[in-house]
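Visitor: Sending over a structure as structure tokens; questions will come in a sec.
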Amino acid sequence: MDPVRNPYAPGAGQRPPELAGRDDQLQAFDVLLERVSRGRPERSIVLTGLRGVGKTVLLNAMRSAAVRRGWGTGKLEARPDQALRRPLAAALHLAVRELAPRDRDGAEQVLGVLKSFALRDDAAPGKPAPKLRDRWQPGIDVPAVPGRADSGDIEIDLVELLTDIGGIAQDAGRGVAVFVDEMQDLAPADVSALCAACHEISQTGLPFVVVGAGLPHLPAVLSASKSYSERLFRYARIDRLDRVAADRALRAPAIDEEADWSAEALAEMYSATAGYPYFVQAYGKAAWDVAPRSPVTPDDVRVAAPEAEAELAVGFFGSRYERATPAEREYLRAMADLGARLGDADAGPEPDAALSTAAVAELLGRRPQSLSPARDGLIKKGLIYSGERGRIAFTVPHFGRYLRRHGGE
């Protein structure tokens, strides 16, 4: 069929033409926005799941819902090598500007506090003060307000800053929401500060919420920081689509283009993709391009599968595998082999399910302690995660299958 009219959109964080299977989460967020706007107590939200399940897409959809209600919003993506202060200051600056509060003097006061908060990073203890020409400027066109949110203690500063921002949002009759992607990559001190600030703000009733997204071990990261985090956030596990939602994700965009899928083709697609949203888009795009006419048939899907798998092997799987060192690749292949053995031995667990670190070491004929550098390196690179002590799993669905097919190349 016409590739120009191909509606499918595989891409990192790119919204698919039909956001299927996420209605419950979006409706719950609409309720949260309404309750917080009315001064009702609500917890912030944390979305968790493997890569490729649509966490970033859902995060963006929630942000759009907040914007439609007139809330001030900001978004940041956490990185392991970056402190929270600067990117959070930029996100909050945007949120305050979106609020456009009627109290201009009050808004300028808060922006001055925000500027002090942002600039305090340059004078962090133990760091030489940069020359004036080298100092980072947050782009806030008001004078900094000294003595507020600039103590250098990120926890104290964040509580003071969010209290002020929540106050002008409340005066404006709206709220502020900050969206944090890759939240598991925040430094421990920043995680602790963010949790403490959310805890304090929730007790004041100010209209401020955080929506975070991250890998499945994010709840453990938050819990290790603050013991009350399990009561501070509402956790939503974002998983693969069920059969009905996967069919909808394929059929709705096709029908908009006056095309469709046969029932047998939909079954073939679900078998190939297992309902993972990124794979649904990748296989859907390839199948559309090879199909000569509507409806798409099972033969079209089978012909398109090698092309979709080749693209995934390079862009989705291969780019991650290339980041690993030789020792880390050996560890990854051992995980893949062990997962296949366990999957073959028991039809219940999936081959990419959590594995015992001791069992991986035994397969490699090594002591677990000697493999710690490789394991820790893979965790830092976001290729595997540890949701509980002594167990690890891939962050990417079907990564084990990819490694068994291509890992030796």
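Identifiers for the structure tokens are assigned positionally: chains receive A, B, ... in sequence, residues are indexed from 1 per chain, and ligands are indexed from 1 in the order shown.
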Enumerate, as a list in words, the complete set of residues in segment 262-388 of chain A that a backbone-based DSSP assignment places in strand (DSSP E).

Guide: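 DSSP-assigned strand (DSSP E) residues in segment 262-388 of chain A: Leu355, Ser356, Ile384, Tyr385, Ser386, Gly387 and Glu388 of chain A.
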
Visitor: Leaving out segment 171-188 of chain A and any residue of its chain fewer than 4 positions from it, which residues lie within 6 Å of it when counting only C-alpha atoms, given as a list in words?

Guide: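 Selected residues are Ser37, Trp71, Gly72, Thr73, Gly74, Lys75, Leu76, Glu77, Ala78, Arg79, Pro80, Pro101, Pro207, Phe208, Val209, Val210, Val211, Gly212, Ala213, Gly214 and Leu218 of chain A.
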
Visitor: Give me the residues within 7 Å of segment 280-294 of chain A as a PyMOL selection string, counting only C-alpha atoms and dropping any in the same chain fewer than 4 places off.

Guide: chain A and resi 1-3+6+8-10+250+259-260+273+275-276+300-301+304-305+307-308

Visitor: Atom CA of Leu215 of chain A and atom CA of Leu363 of chain A, how far apart in Å?

Guide: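 Separating atom CA of Leu363 of chain A from atom CA of Leu215 of chain A is a distance of 26.3 Å.
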
Visitor: Which segment 177-240 of chain A residues have any atom within 8 Å of an atom of segment 383-388 of chain A, and for each, what is the nearest pair of atoms with distance in Å to one decimal, counting only C-alpha atoms, rows sorted by chain and number, as CSV?

Guide:
residue,atom,partner,partner_atom,distance
A:Leu215,CA,A:Tyr385,CA,7.8
A:Pro216,CA,A:Gly387,CA,6.9
A:His217,CA,A:Gly387,CA,4.6
A:Ala220,CA,A:Gly387,CA,6.7

Visitor: Would you mind exporting the chosen residues as a PDB file, in the first residue's frame, restricted to N, CA, C and O atoms?

Guide:
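Result went into again.pdb, see below:
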ATOM      1  N   LEU A 215      12.115   2.689  34.864  1.00  0.00           N
ATOM      2  CA  LEU A 215      12.202   1.243  34.714  1.00  0.00           C
ATOM      3  C   LEU A 215      11.539   0.523  35.891  1.00  0.00           C
ATOM      4  O   LEU A 215      11.221   1.160  36.912  1.00  0.00           O
ATOM      5  N   PRO A 216      11.329  -0.769  35.773  1.00  0.00           N
ATOM      6  CA  PRO A 216      10.568  -1.475  36.815  1.00  0.00           C
ATOM      7  C   PRO A 216      11.144  -1.391  38.221  1.00  0.00           C
ATOM      8  O   PRO A 216      10.417  -1.574  39.202  1.00  0.00           O
ATOM      9  N   HIS A 217      12.448  -1.113  38.359  1.00  0.00           N
ATOM     10  CA  HIS A 217      13.017  -1.052  39.698  1.00  0.00           C
ATOM     11  C   HIS A 217      12.904   0.335  40.330  1.00  0.00           C
ATOM     12  O   HIS A 217      13.395   0.557  41.437  1.00  0.00           O
ATOM     13  N   ALA A 220      11.783   0.540  43.954  1.00  0.00           N
ATOM     14  CA  ALA A 220      12.832   0.168  44.901  1.00  0.00           C
ATOM     15  C   ALA A 220      13.805   1.316  45.121  1.00  0.00           C
ATOM     16  O   ALA A 220      14.292   1.539  46.236  1.00  0.00           O
TER      17      ALA A 220
END

Visitor: Can you list every residue in segment 104-222 of chain A that DSSP puts in alpha helix (DSSP H), as a PyMOL selection string?

Guide: chain A and resi 104-119+154-171+188-204+218-222

Visitor: Counting only C-alpha atoms, which of A:Val191, A:Ala28, A:Val57, A:Leu119 gets nearest to Glu42 of chain A?

Guide: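 Under the stated criterion, the closest residue is A:Ala28.
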
Visitor: In Å, how far is it from atom CA of Leu355 of chain A to atom CA of Pro373 of chain A?

Guide: 17.5 Å
